[in-house]
Each structure stands twice: as structure tokens, then as C-alpha cells.
Amino acid sequence: MFDPLEPESTDQVQFHFEDRRLSAPRGATVASALLGAGITAFRETPVSGAARGPFCLMGACYDCLVSINGVTVQACMTPIEEGLQVCRVRPRLTENEDKA
Ligand code: FES
């Protein structure tokens, strides 16, 4: 079980964020694992492409969306697991949306 008061836990899991191999304490959330690695930009907004990162850390704001193994999830509500492939969410506008 992850203990936030013991961030140097020896029970670590390995995962990937894009091309980086990282580790985090077992039981941490994906959001806390990424923040602990110094990663604060988790996704880009569809219109301006502005970087967004966790804000509420309790499942309310959806600013922490990431893609894990191809599925978009809230990083703050998802436990980190061994071997996860985590990527930024980069929505693409369709040709019609781009002209609106
Ligand atoms: S940080 Fe707000 S929903 Fe995850």
C-alpha cells in the first residue's frame, strides 16, 4: 500500500511515459507517479493545444486525462501498475472542426 509519508518506498513498479522509463511506489496513482517524475503536462487542449495537468486530484476536473494502453483515463483515479504505457492525450480536430 502506498504511504504518502514514505515516498521512498522500496516497493516500486516500472512503467513508461511516452519514451521514458520511470518507476513509482506501488499503490501510487498515475498522476502522483508522473508528478513525482517532474511531469506536469498530461494532455493538450483540442482547440489551442495548451498543456493541461492535474488540478483537483480527486476526479472532478478531468485535467489529468492520459492515455494508458490506448484508453483515455483520469490519471488521478488510476493506480499505477507494472508495465503501463502512459501517453499524453493529444486530440486532433477534424477538418470541419478546424475551419469552425
Ligand atoms: S486532477 Fe482533476 S480529475 Fe484528475
# chains A, B, ... in the order shown; residues from 1 in each chain; ligands from 1
>>> select_by_dssp(residues="region 2-97 of chain A", states="alpha helix (DSSP H)", output="ChimeraX atom specification")
/A:30-36,95-97
>>> write_last_selection(atoms="N, CA and C atoms", output="tab-separated table (two decimals), in the first residue's frame")
chain	number	residue	atom	x	y	z
A	30	VAL	N	-1.44	7.13	-11.08
A	30	VAL	CA	-0.67	7.53	-12.26
A	30	VAL	C	-0.31	9.01	-12.15
A	31	ALA	N	-1.25	9.83	-11.68
A	31	ALA	CA	-0.97	11.27	-11.55
A	31	ALA	C	0.18	11.52	-10.57
A	32	SER	N	0.15	10.89	-9.42
A	32	SER	CA	1.22	11.13	-8.45
A	32	SER	C	2.54	10.56	-8.95
A	33	ALA	N	2.49	9.45	-9.69
A	33	ALA	CA	3.71	8.89	-10.25
A	33	ALA	C	4.34	9.85	-11.26
A	34	LEU	N	3.50	10.44	-12.14
A	34	LEU	CA	4.03	11.38	-13.13
A	34	LEU	C	4.51	12.66	-12.47
A	35	LEU	N	3.74	13.19	-11.55
A	35	LEU	CA	4.17	14.40	-10.86
A	35	LEU	C	5.48	14.16	-10.11
A	36	GLY	N	5.61	12.98	-9.51
A	36	GLY	CA	6.84	12.63	-8.80
A	36	GLY	C	8.05	12.57	-9.72
A	95	GLU	N	-11.15	18.04	-40.00
A	95	GLU	CA	-11.03	19.12	-40.96
A	95	GLU	C	-12.16	20.13	-40.77
A	96	ASN	N	-13.39	19.68	-40.55
A	96	ASN	CA	-14.54	20.58	-40.36
A	96	ASN	C	-14.43	21.36	-39.06
A	97	GLU	N	-13.99	20.72	-37.97
A	97	GLU	CA	-13.84	21.43	-36.69
A	97	GLU	C	-12.75	22.48	-36.79
>>> select_by_dssp(residues="region 8-48 of chain A", states="strand (DSSP E or B)", output="list in words")
Gln12, Val13, Gln14, Phe15, His16, Phe17, Arg20, Arg21, Leu22, Ser23, Ala24, Pro25, Thr29, Arg43 and Glu44 of chain A
>>> closest_residue(among="A:Thr40, A:Gln12, A:Gln74, A:Thr45", to="Gly27 (chain A)", atoms="only C-alpha atoms")
A:Gln12
>>> residues_near_ligand(ligand="ligand 1", cutoff="6 Å", atoms="only C-alpha atoms and all ligand atoms", output="ChimeraX atom specification")
/A:54-64,74-76
>>> closest_residue(among="A:Gln14, A:Arg90, A:Gly53, A:Ile68", to="Ala28 (chain A)", atoms="only C-alpha atoms")
A:Gln14
>>> closest_residue(among="A:Val71, A:Leu22, A:Ile80, A:Val86", to="Gly38 (chain A)", atoms="only C-alpha atoms")
A:Leu22
>>> closest_residue(among="A:Glu44, A:Glu82, A:Thr72, A:Val66", to="Asp11 (chain A)", atoms="only C-alpha atoms")
A:Glu82
>>> residues_around(residues="Ala41 (chain A)", least_positions_apart="6", cutoff="8 Å", atoms="only C-alpha atoms", output="list in words")
Ala51, Arg52, Gly53 and Arg88 of chain A
>>> write_last_selection(atoms="C-alpha atoms", output="JSON list (two decimals), in the first residue's frame")
[["chain", "number", "residue", "atom", "x", "y", "z"],
["A", 51, "ALA", "CA", -0.81, 21.98, -21.92],
["A", 52, "ARG", "CA", -3.00, 20.80, -19.07],
["A", 53, "GLY", "CA", -2.16, 18.90, -15.90],
["A", 88, "ARG", "CA", -0.20, 12.39, -23.32]]
>>> decode(residues="region 51-67 of chain A", atoms="all heavy atoms", output="PDB file, in the first residue's frame")
ATOM      1  N   ALA A  51      -1.106  23.091 -22.828  1.00  0.00           N
ATOM      2  CA  ALA A  51      -0.814  21.980 -21.920  1.00  0.00           C
ATOM      3  C   ALA A  51      -1.707  22.050 -20.692  1.00  0.00           C
ATOM      4  O   ALA A  51      -1.975  23.132 -20.173  1.00  0.00           O
ATOM      5  CB  ALA A  51       0.650  22.038 -21.510  1.00  0.00           C
ATOM      6  N   ARG A  52      -2.178  20.885 -20.271  1.00  0.00           N
ATOM      7  CA  ARG A  52      -3.004  20.802 -19.065  1.00  0.00           C
ATOM      8  C   ARG A  52      -2.429  19.715 -18.173  1.00  0.00           C
ATOM      9  O   ARG A  52      -1.839  18.751 -18.639  1.00  0.00           O
ATOM     10  CB  ARG A  52      -4.460  20.447 -19.407  1.00  0.00           C
ATOM     11  CG  ARG A  52      -5.122  21.371 -20.390  1.00  0.00           C
ATOM     12  CD  ARG A  52      -5.284  22.747 -19.881  1.00  0.00           C
ATOM     13  NE  ARG A  52      -6.287  22.787 -18.832  1.00  0.00           N
ATOM     14  CZ  ARG A  52      -6.727  23.887 -18.277  1.00  0.00           C
ATOM     15  NH1 ARG A  52      -6.250  25.048 -18.670  1.00  0.00           N
ATOM     16  NH2 ARG A  52      -7.629  23.849 -17.326  1.00  0.00           N
ATOM     17  N   GLY A  53      -2.630  19.891 -16.864  1.00  0.00           N
ATOM     18  CA  GLY A  53      -2.161  18.902 -15.905  1.00  0.00           C
ATOM     19  C   GLY A  53      -3.115  18.801 -14.752  1.00  0.00           C
ATOM     20  O   GLY A  53      -4.106  19.541 -14.685  1.00  0.00           O
ATOM     21  N   PRO A  54      -2.859  17.911 -13.822  1.00  0.00           N
ATOM     22  CA  PRO A  54      -3.773  17.688 -12.703  1.00  0.00           C
ATOM     23  C   PRO A  54      -4.045  18.966 -11.924  1.00  0.00           C
ATOM     24  O   PRO A  54      -3.149  19.772 -11.695  1.00  0.00           O
ATOM     25  CB  PRO A  54      -3.026  16.697 -11.814  1.00  0.00           C
ATOM     26  CG  PRO A  54      -1.965  16.129 -12.655  1.00  0.00           C
ATOM     27  CD  PRO A  54      -1.663  17.105 -13.737  1.00  0.00           C
ATOM     28  N   PHE A  55      -5.299  19.117 -11.531  1.00  0.00           N
ATOM     29  CA  PHE A  55      -5.696  20.287 -10.754  1.00  0.00           C
ATOM     30  C   PHE A  55      -6.336  19.856  -9.435  1.00  0.00           C
ATOM     31  O   PHE A  55      -5.888  20.238  -8.371  1.00  0.00           O
ATOM     32  CB  PHE A  55      -6.664  21.155 -11.569  1.00  0.00           C
ATOM     33  CG  PHE A  55      -7.124  22.383 -10.842  1.00  0.00           C
ATOM     34  CD1 PHE A  55      -6.261  23.431 -10.595  1.00  0.00           C
ATOM     35  CD2 PHE A  55      -8.431  22.489 -10.400  1.00  0.00           C
ATOM     36  CE1 PHE A  55      -6.673  24.549  -9.909  1.00  0.00           C
ATOM     37  CE2 PHE A  55      -8.864  23.616  -9.724  1.00  0.00           C
ATOM     38  CZ  PHE A  55      -7.982  24.649  -9.477  1.00  0.00           C
ATOM     39  N   CYS A  56      -7.388  19.054  -9.512  1.00  0.00           N
ATOM     40  CA  CYS A  56      -8.127  18.717  -8.278  1.00  0.00           C
ATOM     41  C   CYS A  56      -7.577  17.473  -7.582  1.00  0.00           C
ATOM     42  O   CYS A  56      -7.692  17.351  -6.368  1.00  0.00           O
ATOM     43  CB  CYS A  56      -9.601  18.526  -8.591  1.00  0.00           C
ATOM     44  SG  CYS A  56      -9.982  17.002  -9.495  1.00  0.00           S
ATOM     45  N   LEU A  57      -7.023  16.556  -8.337  1.00  0.00           N
ATOM     46  CA  LEU A  57      -6.513  15.277  -7.823  1.00  0.00           C
ATOM     47  C   LEU A  57      -7.572  14.463  -7.090  1.00  0.00           C
ATOM     48  O   LEU A  57      -7.253  13.662  -6.202  1.00  0.00           O
ATOM     49  CB  LEU A  57      -5.278  15.493  -6.931  1.00  0.00           C
ATOM     50  CG  LEU A  57      -4.046  15.992  -7.691  1.00  0.00           C
ATOM     51  CD1 LEU A  57      -2.948  16.394  -6.735  1.00  0.00           C
ATOM     52  CD2 LEU A  57      -3.547  14.953  -8.683  1.00  0.00           C
ATOM     53  N   MET A  58      -8.836  14.666  -7.459  1.00  0.00           N
ATOM     54  CA  MET A  58      -9.908  13.883  -6.822  1.00  0.00           C
ATOM     55  C   MET A  58     -11.012  13.518  -7.817  1.00  0.00           C
ATOM     56  O   MET A  58     -12.131  13.223  -7.422  1.00  0.00           O
ATOM     57  CB  MET A  58     -10.489  14.616  -5.621  1.00  0.00           C
ATOM     58  CG  MET A  58     -11.107  15.938  -5.939  1.00  0.00           C
ATOM     59  SD  MET A  58     -11.707  16.693  -4.419  1.00  0.00           S
ATOM     60  CE  MET A  58     -12.751  17.968  -5.104  1.00  0.00           C
ATOM     61  N   GLY A  59     -10.713  13.524  -9.110  1.00  0.00           N
ATOM     62  CA  GLY A  59     -11.649  13.025 -10.097  1.00  0.00           C
ATOM     63  C   GLY A  59     -12.716  13.987 -10.552  1.00  0.00           C
ATOM     64  O   GLY A  59     -13.668  13.580 -11.208  1.00  0.00           O
ATOM     65  N   ALA A  60     -12.584  15.277 -10.270  1.00  0.00           N
ATOM     66  CA  ALA A  60     -13.628  16.229 -10.619  1.00  0.00           C
ATOM     67  C   ALA A  60     -13.331  17.062 -11.860  1.00  0.00           C
ATOM     68  O   ALA A  60     -14.242  17.398 -12.605  1.00  0.00           O
ATOM     69  CB  ALA A  60     -13.888  17.165  -9.434  1.00  0.00           C
ATOM     70  N   CYS A  61     -12.075  17.411 -12.126  1.00  0.00           N
ATOM     71  CA  CYS A  61     -11.792  18.414 -13.161  1.00  0.00           C
ATOM     72  C   CYS A  61     -11.457  17.818 -14.545  1.00  0.00           C
ATOM     73  O   CYS A  61     -11.565  18.505 -15.539  1.00  0.00           O
ATOM     74  CB  CYS A  61     -10.648  19.317 -12.721  1.00  0.00           C
ATOM     75  SG  CYS A  61      -9.024  18.532 -12.752  1.00  0.00           S
ATOM     76  N   TYR A  62     -11.021  16.605 -14.615  1.00  0.00           N
ATOM     77  CA  TYR A  62     -10.644  15.932 -15.862  1.00  0.00           C
ATOM     78  C   TYR A  62      -9.445  16.583 -16.557  1.00  0.00           C
ATOM     79  O   TYR A  62      -9.207  16.350 -17.731  1.00  0.00           O
ATOM     80  CB  TYR A  62     -11.832  15.837 -16.834  1.00  0.00           C
ATOM     81  CG  TYR A  62     -12.847  14.808 -16.396  1.00  0.00           C
ATOM     82  CD1 TYR A  62     -13.721  15.076 -15.349  1.00  0.00           C
ATOM     83  CD2 TYR A  62     -12.918  13.565 -17.001  1.00  0.00           C
ATOM     84  CE1 TYR A  62     -14.649  14.136 -14.928  1.00  0.00           C
ATOM     85  CE2 TYR A  62     -13.845  12.621 -16.585  1.00  0.00           C
ATOM     86  CZ  TYR A  62     -14.694  12.916 -15.554  1.00  0.00           C
ATOM     87  OH  TYR A  62     -15.598  11.974 -15.136  1.00  0.00           O
ATOM     88  N   ASP A  63      -8.688  17.387 -15.867  1.00  0.00           N
ATOM     89  CA  ASP A  63      -7.494  17.970 -16.472  1.00  0.00           C
ATOM     90  C   ASP A  63      -6.326  16.996 -16.494  1.00  0.00           C
ATOM     91  O   ASP A  63      -5.283  17.285 -17.074  1.00  0.00           O
ATOM     92  CB  ASP A  63      -7.081  19.246 -15.736  1.00  0.00           C
ATOM     93  CG  ASP A  63      -7.797  20.465 -16.285  1.00  0.00           C
ATOM     94  OD1 ASP A  63      -8.344  20.379 -17.396  1.00  0.00           O
ATOM     95  OD2 ASP A  63      -7.800  21.498 -15.596  1.00  0.00           O
ATOM     96  N   CYS A  64      -6.490  15.853 -15.869  1.00  0.00           N
ATOM     97  CA  CYS A  64      -5.383  14.892 -15.765  1.00  0.00           C
ATOM     98  C   CYS A  64      -5.502  13.748 -16.754  1.00  0.00           C
ATOM     99  O   CYS A  64      -4.821  12.734 -16.587  1.00  0.00           O
ATOM    100  CB  CYS A  64      -5.330  14.327 -14.352  1.00  0.00           C
ATOM    101  SG  CYS A  64      -6.786  13.336 -13.945  1.00  0.00           S
ATOM    102  N   LEU A  65      -6.336  13.896 -17.784  1.00  0.00           N
ATOM    103  CA  LEU A  65      -6.536  12.776 -18.711  1.00  0.00           C
ATOM    104  C   LEU A  65      -5.221  12.355 -19.366  1.00  0.00           C
ATOM    105  O   LEU A  65      -4.441  13.200 -19.808  1.00  0.00           O
ATOM    106  CB  LEU A  65      -7.549  13.156 -19.796  1.00  0.00           C
ATOM    107  CG  LEU A  65      -8.969  13.403 -19.314  1.00  0.00           C
ATOM    108  CD1 LEU A  65      -9.855  13.805 -20.492  1.00  0.00           C
ATOM    109  CD2 LEU A  65      -9.538  12.181 -18.603  1.00  0.00           C
ATOM    110  N   VAL A  66      -5.003  11.049 -19.393  1.00  0.00           N
ATOM    111  CA  VAL A  66      -3.865  10.458 -20.089  1.00  0.00           C
ATOM    112  C   VAL A  66      -4.377   9.249 -20.860  1.00  0.00           C
ATOM    113  O   VAL A  66      -5.478   8.759 -20.617  1.00  0.00           O
ATOM    114  CB  VAL A  66      -2.742  10.012 -19.120  1.00  0.00           C
ATOM    115  CG1 VAL A  66      -2.078  11.194 -18.446  1.00  0.00           C
ATOM    116  CG2 VAL A  66      -3.265   9.015 -18.100  1.00  0.00           C
ATOM    117  N   SER A  67      -3.562   8.784 -21.758  1.00  0.00           N
ATOM    118  CA  SER A  67      -3.877   7.564 -22.489  1.00  0.00           C
ATOM    119  C   SER A  67      -3.026   6.441 -21.905  1.00  0.00           C
ATOM    120  O   SER A  67      -1.801   6.550 -21.837  1.00  0.00           O
ATOM    121  CB  SER A  67      -3.575   7.749 -23.976  1.00  0.00           C
ATOM    122  OG  SER A  67      -3.783   6.528 -24.661  1.00  0.00           O
TER     123      SER A  67
END
